[in-house]
Structure formats: C-alpha cells, structure tokens
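K.L.:
Next comes the structure file model_3.txt, holding compact mmCIF, C-alpha atoms.
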# COMPACT_ATOMS: atom_id res chain seq x y z
CA MET A 7 -1.85 -23.06 8.78
CA HIS A 8 -4.74 -22.28 6.48
CA TYR A 9 -4.74 -18.62 5.49
CA PHE A 10 -7.38 -16.66 3.60
CA LEU A 11 -6.19 -13.70 1.50
CA THR A 12 -7.79 -10.86 -0.33
CA GLY A 13 -5.56 -9.01 -2.77
CA ALA A 14 -3.45 -12.07 -3.55
CA SER A 15 -3.09 -10.94 -7.16
CA GLY A 16 -1.85 -7.50 -6.16
CA PHE A 17 1.71 -6.27 -5.71
CA ILE A 18 2.24 -6.92 -2.00
CA GLY A 19 -0.30 -9.73 -1.98
CA GLY A 20 1.55 -11.65 -4.67
CA TYR A 21 4.78 -11.59 -2.67
CA LEU A 22 2.94 -12.56 0.52
CA THR A 23 1.22 -15.45 -1.25
CA SER A 24 4.58 -16.75 -2.53
CA LEU A 25 6.05 -16.51 0.96
CA LEU A 26 3.15 -18.39 2.54
CA LEU A 27 3.34 -21.17 -0.04
CA ALA A 28 7.13 -21.43 0.36
CA GLU A 29 6.67 -21.93 4.10
CA GLY A 30 4.17 -24.74 3.54
CA HIS A 31 0.92 -22.98 4.41
CA LEU A 32 -2.42 -23.65 2.75
CA VAL A 33 -3.61 -20.50 0.98
CA THR A 34 -7.16 -19.69 -0.10
CA ALA A 35 -7.57 -16.50 -2.13
CA LEU A 36 -10.61 -14.53 -3.17
CA VAL A 37 -10.14 -13.34 -6.77
CA ARG A 38 -12.40 -11.47 -9.17
CA THR A 39 -11.71 -13.19 -12.50
CA PRO A 40 -11.26 -16.74 -13.87
CA GLU A 41 -7.89 -15.65 -15.30
CA GLN A 42 -6.64 -14.68 -11.81
CA ALA A 43 -8.00 -17.94 -10.43
CA ARG A 44 -6.18 -20.04 -13.02
CA ALA A 45 -2.91 -18.16 -12.50
CA LEU A 46 -2.99 -18.66 -8.74
CA ALA A 47 -4.14 -22.29 -8.95
CA ARG A 48 -1.06 -23.14 -11.03
CA HIS A 49 1.06 -22.19 -8.00
CA GLY A 50 -0.92 -24.20 -5.48
CA VAL A 51 -3.38 -21.56 -4.24
CA ARG A 52 -7.03 -22.49 -3.69
CA PRO A 53 -8.88 -19.71 -5.56
CA TYR A 54 -12.48 -18.67 -5.08
CA ILE A 55 -14.03 -16.33 -7.63
CA GLY A 56 -15.90 -13.54 -5.89
CA ASP A 57 -15.66 -9.98 -4.68
CA ILE A 58 -15.24 -8.35 -1.29
CA LEU A 59 -18.35 -6.31 -2.16
CA ASP A 60 -20.28 -9.61 -2.27
CA LYS A 61 -20.31 -10.68 1.36
CA GLU A 62 -21.59 -14.18 0.61
CA SER A 63 -18.65 -14.87 -1.71
CA VAL A 64 -16.31 -13.77 1.10
CA ARG A 65 -18.14 -16.13 3.44
CA ARG A 66 -17.81 -19.09 1.08
CA ALA A 67 -14.09 -18.49 0.55
CA MET A 68 -13.14 -17.83 4.17
CA ARG A 69 -14.75 -20.96 5.59
CA ARG A 70 -12.31 -23.04 7.70
CA ALA A 71 -9.55 -20.42 7.52
CA GLU A 72 -7.27 -20.12 10.55
CA GLY A 73 -5.98 -16.66 9.70
CA VAL A 74 -7.10 -13.77 7.49
CA PHE A 75 -4.93 -11.34 5.51
CA HIS A 76 -6.95 -8.47 4.05
CA LEU A 77 -4.93 -6.58 1.44
CA ALA A 78 -7.44 -5.85 -1.33
CA ALA A 79 -7.88 -2.12 -1.92
CA TYR A 80 -8.53 0.52 -4.54
CA VAL A 81 -5.07 1.99 -4.27
CA ARG A 82 -4.25 4.66 -6.84
CA VAL A 83 -3.69 8.29 -6.00
CA GLY A 84 -5.66 10.36 -8.47
CA ILE A 85 -8.79 8.21 -8.22
CA THR A 86 -11.66 9.65 -10.18
CA ASP A 87 -14.24 6.98 -9.26
CA ARG A 88 -14.74 7.98 -5.64
CA ARG A 89 -17.76 5.76 -5.15
CA ARG A 90 -15.75 2.73 -6.22
CA ALA A 91 -12.92 3.71 -3.86
CA GLU A 92 -15.31 3.99 -0.93
CA ALA A 93 -17.07 0.74 -1.82
CA VAL A 94 -13.86 -1.31 -2.03
CA ASN A 95 -11.81 0.31 0.72
CA VAL A 96 -14.58 0.86 3.28
CA THR A 97 -17.52 -1.46 2.57
CA GLY A 98 -15.25 -4.25 1.34
CA THR A 99 -13.11 -4.05 4.47
CA ARG A 100 -16.23 -4.14 6.63
CA HIS A 101 -17.44 -7.27 4.84
CA VAL A 102 -14.14 -9.12 5.27
CA LEU A 103 -13.81 -8.26 8.96
CA GLU A 104 -17.44 -9.04 9.73
CA VAL A 105 -17.11 -12.49 8.16
CA MET A 106 -13.88 -13.02 10.12
CA ARG A 107 -15.82 -12.13 13.28
CA ASP A 108 -18.75 -14.38 12.39
CA PHE A 109 -16.46 -17.36 11.75
CA ARG A 110 -14.44 -16.56 14.88
CA VAL A 111 -11.17 -16.73 12.96
CA PRO A 112 -8.51 -16.50 15.69
CA ARG A 113 -6.10 -14.08 13.94
CA GLY A 114 -6.18 -11.49 11.20
CA VAL A 115 -3.99 -8.79 9.67
CA TYR A 116 -5.47 -5.76 7.93
CA THR A 117 -3.13 -3.81 5.63
CA SER A 118 -3.74 -0.10 6.11
CA SER A 119 -1.26 2.57 4.95
CA LEU A 120 0.89 5.40 6.24
CA ALA A 121 -1.05 7.50 3.75
CA VAL A 122 -3.94 7.69 6.26
CA ASN A 123 -1.75 10.08 8.28
CA GLY A 124 -1.61 12.58 5.46
CA HIS A 125 1.16 15.18 5.53
CA THR A 126 3.23 14.76 8.72
CA HIS A 127 5.10 18.05 8.12
CA GLY A 128 8.50 16.42 8.48
CA ARG A 129 7.66 14.60 11.72
CA VAL A 130 8.35 10.89 12.01
CA VAL A 131 5.20 9.83 13.83
CA ASP A 132 4.37 6.57 15.60
CA GLU A 133 1.27 4.36 15.72
CA SER A 134 -0.52 6.65 18.16
CA TYR A 135 -0.74 9.48 15.61
CA HIS A 136 -4.30 10.33 14.54
CA ARG A 137 -4.84 12.65 11.61
CA HIS A 138 -7.61 15.24 11.87
CA GLY A 139 -8.87 17.30 8.95
CA ARG A 140 -9.56 16.61 5.31
CA LEU A 141 -7.12 14.44 3.39
CA PRO A 142 -6.27 15.48 -0.17
CA SER A 143 -7.04 12.25 -2.05
CA ALA A 144 -9.97 9.84 -2.23
CA TYR A 145 -7.57 6.96 -1.64
CA GLN A 146 -6.33 8.48 1.62
CA ARG A 147 -9.82 9.40 2.81
CA THR A 148 -11.30 5.96 2.14
CA LYS A 149 -8.33 4.13 3.68
CA TRP A 150 -8.64 6.45 6.71
CA GLN A 151 -12.29 5.46 7.01
CA ALA A 152 -11.46 1.77 6.77
CA HIS A 153 -8.74 2.12 9.42
CA PHE A 154 -10.45 4.37 11.96
CA GLU A 155 -14.15 3.78 11.33
CA VAL A 156 -14.16 0.06 10.53
CA ALA A 157 -11.05 -1.81 11.73
CA LEU A 158 -10.35 -0.04 15.02
CA PRO A 159 -13.97 -0.08 16.26
CA MET A 160 -14.17 -3.81 15.53
CA ILE A 161 -10.90 -4.35 17.40
CA HIS A 162 -12.36 -2.48 20.37
CA ARG A 163 -15.33 -4.86 20.24
CA GLY A 164 -12.99 -7.85 20.49
CA LEU A 165 -11.92 -8.75 16.94
CA PRO A 166 -8.44 -10.37 17.15
CA LEU A 167 -6.97 -8.17 14.42
CA VAL A 168 -3.56 -6.61 13.85
CA ILE A 169 -3.23 -3.51 11.66
CA ALA A 170 -0.13 -3.04 9.49
CA MET A 171 0.78 0.32 7.94
CA PRO A 172 3.27 0.13 5.06
CA GLY A 173 4.76 3.29 3.59
CA ALA A 174 5.99 3.62 0.00
CA VAL A 175 6.46 0.00 -1.07
CA TYR A 176 8.72 -0.65 -4.05
CA GLY A 177 10.25 -3.61 -5.82
CA PRO A 178 10.10 -5.69 -9.01
CA GLY A 179 6.59 -5.98 -10.38
CA ASP A 180 5.33 -2.71 -8.96
CA ARG A 181 2.78 -0.88 -11.12
CA GLY A 182 1.87 1.77 -8.56
CA ASP A 183 2.68 5.42 -8.07
CA ALA A 184 6.27 4.84 -6.86
CA ALA A 185 7.09 2.76 -9.94
CA ARG A 186 5.41 5.27 -12.24
CA ALA A 187 7.51 8.12 -10.82
CA ILE A 188 10.77 6.18 -11.09
CA GLY A 189 9.88 4.89 -14.54
CA ALA A 190 9.01 8.37 -15.75
CA HIS A 191 12.40 9.65 -14.62
CA LEU A 192 14.21 6.76 -16.29
CA ARG A 193 12.41 7.59 -19.56
CA GLY A 194 13.37 11.26 -19.26
CA ARG A 195 9.78 12.38 -18.69
CA LEU A 196 10.30 13.60 -15.15
CA PRO A 197 13.22 16.04 -15.24
CA VAL A 198 12.26 17.74 -11.97
CA ALA A 199 11.39 16.56 -8.47
CA PRO A 200 9.77 18.54 -5.66
CA THR A 201 11.94 19.39 -2.71
CA ARG A 202 10.95 18.22 0.78
CA THR A 203 8.61 15.51 -0.51
CA ALA A 204 9.66 12.36 1.37
CA PHE A 205 8.35 8.91 2.26
CA CYS A 206 9.35 5.77 4.13
CA TRP A 207 10.58 3.29 1.52
CA ALA A 208 10.23 -0.44 2.15
CA TYR A 209 11.15 -3.24 -0.25
CA VAL A 210 8.15 -5.41 -1.06
CA GLU A 211 9.69 -8.69 0.16
CA ASP A 212 10.38 -7.09 3.53
CA VAL A 213 6.79 -5.84 3.79
CA ALA A 214 5.44 -9.30 2.94
CA ALA A 215 7.65 -10.81 5.63
CA GLY A 216 6.46 -8.13 8.06
CA LEU A 217 2.83 -9.02 7.37
CA LEU A 218 3.49 -12.69 8.07
CA ARG A 219 5.29 -11.83 11.30
CA ALA A 220 2.40 -9.56 12.26
CA MET A 221 0.14 -12.59 11.88
CA GLU A 222 2.43 -14.94 13.80
CA GLN A 223 3.92 -12.62 16.43
CA GLY A 224 1.82 -9.48 16.48
CA LYS A 225 -0.37 -8.69 19.45
CA PRO A 226 -4.08 -8.56 18.53
CA GLY A 227 -5.28 -5.01 18.79
CA GLU A 228 -1.89 -3.49 17.99
CA THR A 229 -0.90 -1.41 14.99
CA TYR A 230 2.54 -1.77 13.41
CA ILE A 231 4.16 0.66 10.98
CA LEU A 232 6.10 -1.25 8.30
CA GLY A 233 7.78 1.90 7.09
CA GLY A 234 11.38 1.41 6.08
CA PRO A 235 14.07 4.10 5.84
CA VAL A 236 13.15 7.72 5.11
CA HIS A 237 14.27 9.20 1.79
CA PRO A 238 13.23 12.30 -0.15
CA LEU A 239 11.65 11.51 -3.51
CA GLN A 240 14.37 13.54 -5.22
CA GLU A 241 17.05 11.28 -3.72
CA VAL A 242 15.24 8.09 -4.78
CA LEU A 243 14.91 9.31 -8.35
CA SER A 244 18.57 10.37 -8.40
CA GLN A 245 19.73 6.95 -7.21
CA ALA A 246 17.51 5.19 -9.73
CA GLY A 247 18.85 7.38 -12.52
CA ARG A 248 22.46 6.63 -11.61
CA LEU A 249 21.73 2.90 -11.65
CA ALA A 250 20.26 3.26 -15.14
CA GLY A 251 23.19 5.33 -16.39
CA ARG A 252 21.43 8.69 -16.49
CA ARG A 253 23.92 11.53 -16.22
CA HIS A 254 21.69 14.17 -14.71
CA PRO A 255 19.61 13.89 -11.53
CA PRO A 256 16.17 15.50 -11.46
CA LEU A 257 16.29 19.23 -10.98
CA PRO A 258 14.96 20.39 -7.61
CA LEU A 259 11.56 22.08 -7.84
CA PRO A 260 10.94 24.13 -4.66
CA TRP A 261 7.88 22.82 -2.87
CA TRP A 262 6.66 26.33 -2.10
CA LEU A 263 6.30 26.99 -5.81
CA LEU A 264 3.99 24.00 -6.13
CA LYS A 265 1.75 24.90 -3.20
CA PRO A 266 -0.17 27.76 -4.88
CA ALA A 267 -0.58 25.63 -8.00
CA ALA A 268 -1.91 22.73 -5.88
CA TRP A 269 -4.42 24.98 -4.13
CA GLY A 270 -5.56 26.46 -7.40
CA MET A 271 -5.93 23.06 -9.06
CA GLN A 272 -7.94 21.74 -6.10
CA GLY A 273 -10.28 24.70 -6.42
CA LEU A 274 -10.77 24.08 -10.13
CA ALA A 275 -11.34 20.37 -9.51
CA PHE A 276 -14.51 21.09 -7.53
CA ALA A 277 -16.02 22.62 -10.67
CA LEU A 278 -14.25 20.34 -13.17
CA PRO A 279 -14.20 16.73 -11.85
CA PRO A 280 -11.82 15.49 -14.60
CA LEU A 281 -9.11 17.60 -12.93
CA ARG A 282 -9.39 15.77 -9.61
CA ALA A 283 -6.74 13.19 -10.43
CA SER A 284 -4.18 15.85 -11.38
CA ALA A 285 -5.10 17.93 -8.33
CA GLU A 286 -4.53 14.98 -5.99
CA ARG A 287 -1.14 14.16 -7.49
CA LEU A 288 -0.06 17.79 -7.36
CA ALA A 289 -1.13 18.10 -3.72
CA LEU A 290 0.84 14.96 -2.84
CA GLY A 291 3.97 16.23 -4.59
CA ALA A 292 3.94 19.72 -3.08
CA GLY A 293 6.36 19.07 -0.23
CA THR A 294 4.32 16.29 1.38
CA THR A 295 6.01 14.01 3.91
CA GLN A 296 4.42 10.72 4.99
CA LEU A 297 6.82 9.54 7.66
CA GLY A 298 6.39 6.92 10.36
CA SER A 299 8.63 5.14 12.83
CA ASP A 300 8.84 1.36 12.47
CA ALA A 301 10.54 0.95 15.87
CA ARG A 302 7.64 -1.08 17.28
CA ALA A 303 7.64 -3.46 14.33
CA ARG A 304 11.41 -3.89 14.61
CA ALA A 305 11.18 -4.65 18.33
CA ASP A 306 8.07 -6.84 18.37
CA LEU A 307 8.14 -8.48 14.96
CA GLY A 308 11.82 -8.46 14.00
CA PHE A 309 10.94 -6.26 11.01
CA ALA A 310 14.22 -5.56 9.21
CA PRO A 311 13.70 -3.54 6.02
CA ARG A 312 16.71 -3.42 3.73
CA SER A 313 18.35 -0.17 2.71
CA LEU A 314 17.37 1.66 -0.45
CA GLU A 315 20.83 0.88 -1.84
CA ALA A 316 20.11 -2.84 -1.42
CA GLY A 317 16.57 -2.83 -2.79
CA LEU A 318 16.59 -0.30 -5.59
CA PRO A 319 18.86 -2.12 -8.12
CA ASP A 320 16.38 -4.98 -8.64
CA THR A 321 13.56 -2.47 -8.93
CA VAL A 322 15.35 -0.43 -11.59
CA ARG A 323 16.35 -3.59 -13.46
CA SER A 324 12.71 -4.70 -13.55
CA LEU A 325 11.51 -1.29 -14.75
CA LEU A 326 14.12 -1.23 -17.50
CA GLN A 327 13.15 -4.72 -18.64
CA ASP A 328 9.53 -3.59 -18.85
CA LEU A 329 10.58 -0.48 -20.74
CA PHE A 330 12.61 -2.31 -23.35
CA SER A 331 10.13 -5.17 -23.73
CA ALA A 332 7.40 -2.63 -24.48
CA SER A 333 9.47 -0.75 -27.07
Go ahead and render the structure in this file as structure tokens.
P.N.:
Amino acid sequence: MHYFLTGASGFIGGYLTSLLLAEGHLVTALVRTPEQARALARHGVRPYIGDILDKESVRRAMRRAEGVFHLAAYVRVGITDRRRAEAVNVTGTRHVLEVMRDFRVPRGVYTSSLAVNGHTHGRVVDESYHRHGRLPSAYQRTKWQAHFEVALPMIHRGLPLVIAMPGAVYGPGDRGDAARAIGAHLRGRLPVAPTRTAFCWAYVEDVAAGLLRAMEQGKPGETYILGGPVHPLQEVLSQAGRLAGRRHPPLPLPWWLLKPAAWGMQGLAFALPPLRASAERLALGAGTTQLGSDARARADLGFAPRSLEAGLPDTVRSLLQDLFSAS
C-alpha cells in the first residue's frame, strides 16, 4: 500500500513510519525542512517539502496515495502562540482532509486526542462523550475544533475517515509533556505531584500499531480511543523514580490546594499573556483526569497496550541516557 503521512518526523509519527516501512509499505511524507527530508529519505521514505498550511503542497505530496495518516499538530500544553495552534491544528487538518476528499483516497486515519474531552472528573468515558464548555488550553481547544468542527462534519458528508484518540503517549524519544514531567522528577526538580491527576498511558509502539490497525481494520466513520491503562501521575512518577534508583517518591500535593491557584493564575493570564503557559499547565495539574475506555479498539482492532510496568523501563532508560549525554 502507498500511504501518505503528515507528522512523520514527530514522536508517534516516527514510530508509525518505521512500522509501515517494516511491513513493506510505500510511505510518502510531507515535511517542512530539507533536513527532515534527508533524514527520512535515508530510511526509504519519499519526502515532499511543504506545509499543511500550504494546500497545494499537500496536494502535490498526496497524489496517488491509497491511504492517509494525518498526525501533524501543534501539540504542547502551555502554547503561547494561539494563532499558530489554530492554524496548524484546525486549518491544517481541514486542508489535509479536503485534499483526501478531492483525490477520493479510499481510507484515512486522523489522530485526535483524549485531551479534547477535557477533565472527565474521574469518569472513564467512551467514544460517544462530547465535551461542552471552555477547555483550559489552546491545544485542547484547537484539537477539539479539528475533531468536532472539521473531521466529524466531513465524515458525515461521506469522507471515509477513522478518528483515533490516544491518551498520554510515552516511550523512548518522547519530548512532550509526559517526558518532561518524568524527566523533571528524575532530575529532582519535581519533588511533588498533584493528587487525583490521572491519564490513560499508552506505549508509543502500541499506539503506532493501533493507528495502522485503524487504517486496515477500522470502520470508516468510527472513532477509536487508543487509551491504555489508567494511572495517576503520582504513581507514574513514583515508578519511574524507583527504576532510576531514587529513594523518595514525589510528595502528594492535594489537588484542592492547586485549584484556587489555577483559577487565580488563569485570571491573571487574561491581563498578562506571558502567564498563559503557566496557567494552562497549572489547570491541567490541578486534579485533572483525562480518562477513556479503549474497549472498542480492543474488540475491533485488536488493540493491546502493554502495562506501564512493561513500557516504562525503556522510557526511563532513554531519559537517563539523554540526561547524562547532555551533562
């Protein structure tokens, strides 16, 4: 099969690209820089230099593709460039899916996120859950727009698209918020962890395999949560610390102590935009749960995420290697 990817140079996208190549598929990737193009070409990818904000470059790269994986996104919590987040996550998604429609590509997978559900208040929700109300971060709001205002309406108009919703994805090579939190604890810079804050944790190789199975076995029009097992953040940091030989787990910081601080910081951020990033991170840490059931993905796709105990050692080893190589 000939697959077109956006986000092939990203964390999940890199693992998905490797999996596709290992299974003998032809992979075309849209990349933004010559350096990314050369790196991917060395591994057998056909790179096109362009940008999802440039619809014509998407059109040139997607030509003759038999399947589309759209993973490119502006992903960081604490985004200060809100216009850029909206452009990439909303307009860019619209461009990719419109070109897929125009070329009549028979199958596509759009990578959304459990973050679009916001705080689930301890509930493990399924794919039918629809968040109402303002989300605390620009990343969540723009991914919500891409999911509910771009992808789903195009599905309802006949686009043969599957939506995948990963949770907290971790593994070697991660440079995102999960890796930053674990790395900060390993360096002794995060001695506390908020209570009640919890996510679904999925190892990156399992998510990449889930995306491929969504392409091959998923029903067009369906949404699949690729969530993984539920763990509080405090527990994840404690396990990571033990693996790295740290004697003391992070001290529990009651979530209800953080709530007033989060509200106050959000209020200040309206007047002082440089505080927005800190306000978003504080709001996310104040007892937030982003929990979703992956039962449908397990049943329909054979999604089988490994346990945290199986996936975390390689992640910690990779973070420690980065730490010591940088020192």
K.L.:
Point out the residue among A:Gly234, A:Gly20, A:Gly298, A:Asp306 with the least atom-to-atom distance to A:Leu46, counting only C-alpha atoms.
P.N.:
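Once distances to A:Leu46 are computed over only C-alpha atoms, the minimum belongs to A:Gly20.
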K.L.:
From the options A:Ala187, A:Pro319, A:Pro172, A:Thr126, which residue's atoms come nearest to A:Asp212, counting all atoms listed in the file?
P.N.:
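For A:Asp212, the nearest of the given residues is A:Pro172.
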K.L.:
Point out the residue among A:Glu92, A:Glu228, A:Asp108, A:Glu241 with the least atom-to-atom distance to A:Ser143, counting only C-alpha atoms.
P.N.:
A:Glu92
K.L.:
Counting all atoms listed in the file, which of A:Tyr145, A:Tyr209, A:Tyr9, A:Phe17 gets nearest to A:Arg89?
P.N.:
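Looking at the shortest contact to A:Arg89, the residue is A:Tyr145.
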K.L.:
Looking at all atoms listed in the file, which of A:Leu120, A:Leu259, A:Ala208, A:Ala246 is the one that sits closest to A:Thr295?
P.N.:
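Smallest distance to A:Thr295 is found for A:Leu120.
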K.L.:
Give me, as a list in words, all polymer residues having an atom no more than 8 Å from A:Gly173, counting all atoms listed in the file and skipping those fewer than 2 positions away in the same chain.
P.N.:
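The residues that qualify are Ser119, Leu120, Ala121, Met171, Val175, Phe205, Cys206, Trp207, Ala208, Ile231, Leu232, Gly233, Gly234, Gln296, Leu297 and Gly298 of chain A.
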K.L.:
Please, could you write that set of residues out with C-alpha atoms as an mmCIF file, in the coordinates of the input?
P.N.:
data_model
loop_
_atom_site.group_PDB
_atom_site.id
_atom_site.type_symbol
_atom_site.label_atom_id
_atom_site.label_comp_id
_atom_site.auth_asym_id
_atom_site.auth_seq_id
_atom_site.Cartn_x
_atom_site.Cartn_y
_atom_site.Cartn_z
ATOM 1 C CA SER A 119 -1.260 2.570 4.950
ATOM 2 C CA LEU A 120 0.890 5.400 6.240
ATOM 3 C CA ALA A 121 -1.050 7.500 3.750
ATOM 4 C CA MET A 171 0.780 0.320 7.940
ATOM 5 C CA VAL A 175 6.460 0.000 -1.070
ATOM 6 C CA PHE A 205 8.350 8.910 2.260
ATOM 7 C CA CYS A 206 9.350 5.770 4.130
ATOM 8 C CA TRP A 207 10.580 3.290 1.520
ATOM 9 C CA ALA A 208 10.230 -0.440 2.150
ATOM 10 C CA ILE A 231 4.160 0.660 10.980
ATOM 11 C CA LEU A 232 6.100 -1.250 8.300
ATOM 12 C CA GLY A 233 7.780 1.900 7.090
ATOM 13 C CA GLY A 234 11.380 1.410 6.080
ATOM 14 C CA GLN A 296 4.420 10.720 4.990
ATOM 15 C CA LEU A 297 6.820 9.540 7.660
ATOM 16 C CA GLY A 298 6.390 6.920 10.360
#
K.L.:
Generate the missing atoms of stretch 72-83 of chain A up to N, CA and C atoms and report them as a compact mmCIF listing (two decimals), keeping the file's coordinate frame.
P.N.:
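Output file selection-v4.txt is given in full below:
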# COMPACT_ATOMS: atom_id res chain seq x y z
N GLU A 72 -7.82 -20.32 9.21
CA GLU A 72 -7.27 -20.12 10.55
C GLU A 72 -6.64 -18.74 10.73
N GLY A 73 -6.52 -18.02 9.65
CA GLY A 73 -5.98 -16.66 9.70
C GLY A 73 -6.41 -15.91 8.46
N VAL A 74 -6.61 -14.60 8.59
CA VAL A 74 -7.10 -13.77 7.49
C VAL A 74 -6.12 -12.64 7.23
N PHE A 75 -5.70 -12.50 5.97
CA PHE A 75 -4.93 -11.34 5.51
C PHE A 75 -5.83 -10.55 4.57
N HIS A 76 -6.14 -9.31 4.93
CA HIS A 76 -6.95 -8.47 4.05
C HIS A 76 -6.08 -7.39 3.45
N LEU A 77 -5.77 -7.53 2.15
CA LEU A 77 -4.93 -6.58 1.44
C LEU A 77 -5.66 -5.87 0.30
N ALA A 78 -6.77 -6.42 -0.17
CA ALA A 78 -7.44 -5.85 -1.33
C ALA A 78 -7.83 -4.40 -1.08
N ALA A 79 -7.56 -3.54 -2.06
CA ALA A 79 -7.88 -2.12 -1.92
C ALA A 79 -7.88 -1.47 -3.29
N TYR A 80 -8.56 -0.35 -3.37
CA TYR A 80 -8.53 0.52 -4.54
C TYR A 80 -7.45 1.55 -4.24
N VAL A 81 -6.27 1.41 -4.86
CA VAL A 81 -5.07 1.99 -4.27
C VAL A 81 -4.54 3.26 -4.93
N ARG A 82 -4.96 3.61 -6.11
CA ARG A 82 -4.25 4.66 -6.84
C ARG A 82 -4.57 6.06 -6.33
N VAL A 83 -3.50 6.85 -6.18
CA VAL A 83 -3.69 8.29 -6.00
C VAL A 83 -4.19 8.85 -7.33
